[in-house]
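*Asks:* This is the content of my_file.pdb (PDB, C-alpha atoms):
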```pdb
ATOM      1  CA  MET V   1     119.441-161.954-123.928
ATOM      2  CA  GLN V   2     120.502-159.062-126.158
ATOM      3  CA  THR V   3     118.811-155.711-125.628
ATOM      4  CA  TYR V   4     118.234-153.165-128.331
ATOM      5  CA  VAL V   5     119.159-149.590-127.397
ATOM      6  CA  ASP V   6     117.771-146.814-129.566
ATOM      7  CA  THR V   7     120.697-144.370-129.393
ATOM      8  CA  ALA V   8     118.832-141.754-131.433
ATOM      9  CA  GLN V   9     116.028-141.722-128.864
ATOM     10  CA  LEU V  10     118.543-141.547-126.010
ATOM     11  CA  GLN V  11     120.266-138.565-127.640
ATOM     12  CA  ARG V  12     116.914-136.860-128.203
ATOM     13  CA  SER V  13     115.904-137.425-124.572
ATOM     14  CA  ALA V  14     119.250-136.091-123.342
ATOM     15  CA  LEU V  15     118.876-132.921-125.436
ATOM     16  CA  VAL V  16     115.318-132.329-124.222
ATOM     17  CA  ARG V  17     116.473-132.806-120.626
ATOM     18  CA  ALA V  18     119.391-130.387-121.212
ATOM     19  CA  VAL V  19     116.955-127.777-122.547
ATOM     20  CA  HIS V  20     114.699-128.116-119.497
ATOM     21  CA  ILE V  21     117.648-127.816-117.107
ATOM     22  CA  SER V  22     119.008-124.838-119.047
ATOM     23  CA  LEU V  23     115.700-122.969-119.044
ATOM     24  CA  PHE V  24     114.393-123.761-115.574
ATOM     25  CA  THR V  25     117.534-123.490-113.466
ATOM     26  CA  TRP V  26     117.946-119.934-112.225
ATOM     27  CA  ARG V  27     121.027-118.253-113.649
ATOM     28  CA  ARG V  28     122.659-115.642-111.448
ATOM     29  CA  ALA V  29     121.646-112.122-112.400
ATOM     30  CA  ASP V  30     124.325-109.791-113.690
ATOM     31  CA  PRO V  31     125.009-106.604-111.701
ATOM     32  CA  SER V  32     123.345-104.664-114.543
ATOM     33  CA  ASP V  33     120.095-106.695-114.350
ATOM     34  CA  GLN V  34     117.091-105.154-112.629
ATOM     35  CA  VAL V  35     116.188-107.292-109.606
ATOM     36  CA  ASP V  36     113.491-106.920-106.929
ATOM     37  CA  ASP V  37     115.980-106.925-104.065
ATOM     38  CA  ALA V  38     119.685-107.520-103.472
ATOM     39  CA  ASP V  39     119.389-111.276-104.081
ATOM     40  CA  LEU V  40     120.946-112.144-107.468
ATOM     41  CA  GLN V  41     119.843-115.821-107.163
ATOM     42  CA  GLY V  42     121.764-118.333-109.247
ATOM     43  CA  TRP V  43     123.084-121.857-108.929
ATOM     44  CA  TRP V  44     125.894-122.232-106.403
ATOM     45  CA  GLY V  45     127.894-124.406-108.807
ATOM     46  CA  ASP V  46     128.450-121.406-111.068
ATOM     47  CA  SER V  47     130.753-120.027-108.364
ATOM     48  CA  PHE V  48     133.281-122.745-109.219
ATOM     49  CA  PRO V  49     132.990-123.410-112.985
ATOM     50  CA  SER V  50     135.352-125.918-114.598
ATOM     51  CA  VAL V  51     135.507-123.550-117.595
ATOM     52  CA  ALA V  52     135.967-119.855-116.783
ATOM     53  CA  GLY V  53     132.741-117.890-117.168
ATOM     54  CA  ASP V  54     130.667-121.021-117.782
ATOM     55  CA  ARG V  55     127.182-120.704-116.268
ATOM     56  CA  ILE V  56     123.989-122.706-116.497
ATOM     57  CA  GLY V  57     120.367-121.720-116.303
ATOM     58  CA  SER V  58     118.290-118.821-117.520
ATOM     59  CA  LYS V  59     117.275-115.452-116.205
ATOM     60  CA  LEU V  60     113.580-116.084-116.869
ATOM     61  CA  TRP V  61     113.058-115.739-113.109
ATOM     62  CA  LEU V  62     113.723-112.002-113.497
ATOM     63  CA  LEU V  63     110.420-111.700-115.388
ATOM     64  CA  ARG V  64     108.191-113.309-112.753
ATOM     65  CA  ARG V  65     106.926-109.964-111.388
ATOM     66  CA  ARG V  66     106.899-107.965-114.582
ATOM     67  CA  LYS V  67     103.835-107.014-116.530
ATOM     68  CA  ILE V  68     103.691-108.894-119.830
ATOM     69  CA  THR V  69     104.510-106.331-122.491
ATOM     70  CA  PRO V  70     106.203-106.657-125.873
ATOM     71  CA  GLN V  71     109.498-105.934-124.061
ATOM     72  CA  THR V  72     108.851-108.766-121.594
ATOM     73  CA  ILE V  73     108.295-111.131-124.516
ATOM     74  CA  ARG V  74     111.545-109.983-126.170
ATOM     75  CA  ASP V  75     113.402-110.432-122.866
ATOM     76  CA  ALA V  76     111.976-113.943-122.450
ATOM     77  CA  GLN V  77     113.206-114.851-125.930
ATOM     78  CA  ARG V  78     116.649-113.361-125.240
ATOM     79  CA  PHE V  79     116.907-115.202-121.906
ATOM     80  CA  CYS V  80     115.951-118.507-123.560
ATOM     81  CA  GLU V  81     118.473-118.027-126.363
ATOM     82  CA  GLU V  82     121.172-117.088-123.848
ATOM     83  CA  ALA V  83     120.423-120.192-121.740
ATOM     84  CA  LEU V  84     120.601-122.513-124.759
ATOM     85  CA  GLN V  85     123.689-120.963-126.375
ATOM     86  CA  TRP V  86     125.993-123.523-124.780
ATOM     87  CA  LEU V  87     124.354-126.283-126.848
ATOM     88  CA  LEU V  88     125.521-124.449-129.976
ATOM     89  CA  ASP V  89     128.944-123.549-128.574
ATOM     90  CA  ASP V  90     129.639-127.155-127.572
ATOM     91  CA  GLY V  91     128.493-128.521-130.961
ATOM     92  CA  PHE V  92     125.433-130.437-129.774
ATOM     93  CA  LEU V  93     123.195-128.335-132.024
ATOM     94  CA  THR V  94     123.619-126.403-135.260
ATOM     95  CA  GLY V  95     120.720-124.064-134.576
ATOM     96  CA  VAL V  96     118.154-123.009-131.998
ATOM     97  CA  THR V  97     114.983-121.113-132.846
ATOM     98  CA  VAL V  98     112.916-119.697-129.990
ATOM     99  CA  THR V  99     109.442-118.251-130.496
ATOM    100  CA  ILE V 100     107.633-116.796-127.482
ATOM    101  CA  SER V 101     103.860-116.391-127.393
ATOM    102  CA  ARG V 102     101.318-115.190-124.856
ATOM    103  CA  PRO V 103      98.508-117.763-124.606
ATOM    104  CA  SER V 104      96.858-115.996-121.657
ATOM    105  CA  ALA V 105      97.043-112.737-119.735
ATOM    106  CA  VAL V 106      99.392-114.189-117.121
ATOM    107  CA  ARG V 107     101.384-116.785-119.064
ATOM    108  CA  LEU V 108     104.103-117.050-121.687
ATOM    109  CA  ALA V 109     104.742-120.108-123.825
ATOM    110  CA  ALA V 110     107.703-121.071-125.992
ATOM    111  CA  HIS V 111     108.095-123.047-129.180
ATOM    112  CA  ILE V 112     111.710-124.156-129.529
ATOM    113  CA  VAL V 113     113.236-125.896-132.533
ATOM    114  CA  LEU V 114     116.564-127.637-132.002
ATOM    115  CA  SER V 115     118.548-128.327-135.177
ATOM    116  CA  ARG V 116     120.902-131.265-134.751
ATOM    117  CA  PRO V 117     124.044-131.827-136.823
ATOM    118  CA  ASP V 118     123.084-135.383-137.816
ATOM    119  CA  GLY V 119     119.393-135.746-137.183
ATOM    120  CA  ASP V 120     115.899-134.480-137.548
ATOM    121  CA  PRO V 121     115.045-131.277-135.708
ATOM    122  CA  ILE V 122     113.409-131.523-132.306
ATOM    123  CA  ASP V 123     110.297-129.412-131.696
ATOM    124  CA  LEU V 124     109.519-128.494-128.096
ATOM    125  CA  ASN V 125     106.357-126.756-126.981
ATOM    126  CA  LEU V 126     106.604-125.343-123.485
ATOM    127  CA  ASP V 127     103.058-124.183-122.800
ATOM    128  CA  ASP V 128     103.862-122.866-119.328
ATOM    129  CA  LEU V 129     107.279-121.274-119.789
ATOM    130  CA  LEU V 130     106.536-118.452-117.412
ATOM    131  CA  GLN V 131     103.610-117.444-115.241
ATOM    132  CA  VAL V 132     103.794-113.941-113.862
ATOM    133  CA  ALA V 133     102.207-112.455-110.762
ATOM    134  CA  TYR V 134     101.503-108.974-112.135
ATOM    135  CA  ALA V 135     100.666-109.618-115.772
ATOM    136  CA  VAL V 136      97.717-107.271-116.141
TER
END
```
Can you dump the structure from the file as structure tokens?

*Replies:*
Amino acid sequence: MQTYVDTAQLQRSALVRAVHISLFTWRRADPSDQVDDADLQGWWGDSFPSVAGDRIGSKLWLLRRRKITPQTIRDAQRFCEEALQWLLDDGFLTGVTVTISRPSAVRLAAHIVLSRPDGDPIDLNLDDLLQVAYAV
């Protein structure tokens, strides 16, 4: 029996999975980042990258105890863009647009549009991108 494989759907699923891993894996904080304590977090695999300076994840975790202000929203957007930059650098995408919103007093959401070189854009709505402890 011959099976039909929808390669376009497989590629779409792989990109969506890559976005989730990139956003929700904790990237190690830089020495210049403001952290709550001495723990810079991060994925242990970044200690031994196959490409120098290559890191995965996002620094969204740094915002978990911050009050949601316009600066927090800008930082969330910057952290998302930083986490997804590798998809552009490696040629998987031709563009990434991140829009952060505040649907509630304690939550941030993201609308992300992924522009692919040979396909329709992928729209992702992450309604619970970040929930903070001290939002108000």

*Asks:* Taking (110.2, -124.5, -127.1) in the file's own coordinates, collect the residues within 8 Å, counting only C-alpha atoms, and hand them back as an mmCIF file with C-alpha atoms, in the coordinates of the input.

*Replies:*
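What ended up in result12.cif:
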```cif
data_model
loop_
_atom_site.group_PDB
_atom_site.id
_atom_site.type_symbol
_atom_site.label_atom_id
_atom_site.label_comp_id
_atom_site.auth_asym_id
_atom_site.auth_seq_id
_atom_site.Cartn_x
_atom_site.Cartn_y
_atom_site.Cartn_z
ATOM 1 C CA VAL V 98 112.916 -119.697 -129.990
ATOM 2 C CA THR V 99 109.442 -118.251 -130.496
ATOM 3 C CA ALA V 109 104.742 -120.108 -123.825
ATOM 4 C CA ALA V 110 107.703 -121.071 -125.992
ATOM 5 C CA HIS V 111 108.095 -123.047 -129.180
ATOM 6 C CA ILE V 112 111.710 -124.156 -129.529
ATOM 7 C CA VAL V 113 113.236 -125.896 -132.533
ATOM 8 C CA ASP V 123 110.297 -129.412 -131.696
ATOM 9 C CA LEU V 124 109.519 -128.494 -128.096
ATOM 10 C CA ASN V 125 106.357 -126.756 -126.981
ATOM 11 C CA LEU V 126 106.604 -125.343 -123.485
#
```

*Asks:* Kindly resolve the PyMOL selection byres ((chain V and resi 51-58) around 8) on the present coordinates and return the residues as a list in words.

*Replies:* Ile21, Ser22, Leu23, Phe24, Thr25, Trp26, Arg27, Gly42, Trp43, Asp46, Pro49, Ser50, Lys59, Leu60, Trp61, Phe79, Cys80, Glu82 and Ala83 of chain V

*Asks:* Counting only C-alpha atoms, what is within 12 Å of stretch 65-72 of chain V, bar same-chain residues fewer than 4 positions away, as a list of chain:residue names?

*Replies:*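 Here the qualifying residues turn out to be V:Gln34, V:Val35, V:Asp36, V:Leu60, V:Trp61, V:Ala76, V:Gln77, V:Arg78, V:Phe79, V:Ile100, V:Ser101, V:Arg102, V:Pro103, V:Ser104, V:Ala105, V:Val106, V:Arg107, V:Leu108, V:Ala109, V:Leu130, V:Gln131, V:Val132, V:Ala133, V:Tyr134, V:Ala135, V:Val136.
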
*Asks:* Quick one: distance from atom CA of V:Gln41 to atom CA of V:Arg28 in Å, one decimal?

*Replies:* 5.1 Å

*Asks:* Return the single residue from V:Asp39, V:Asp33, V:Asp90, V:Glu81 that is closest to V:Leu63, with distances computed using only C-alpha atoms.

*Replies:* V:Asp33

*Asks:* By how many Å are atom CA of V:Gly119 and atom CA of V:Leu84 apart?

*Replies:*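 These two atoms are separated by 18.2 Å.
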
*Asks:* To one decimal place in Å, what is the distance between atom CA of V:Thr94 and atom CA of V:Pro117?

*Replies:*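 According to the coordinates, atom CA of V:Thr94 and atom CA of V:Pro117 are separated by 5.7 Å.
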
*Asks:* Pick from V:Ile73, V:Leu15, V:Leu40, V:Leu62: nearest to V:Val96, with only C-alpha atoms counted?

*Replies:*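 For V:Val96, the nearest of the given residues is V:Leu15.
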
*Asks:* Spell out the residues picked by the PyMOL selection byres ((chain V and resi 120) around 12) here, as an NGL selection string.

*Replies:* :V and (8-9 or 11-12 or 93-95 or 113-119 or 121-123)
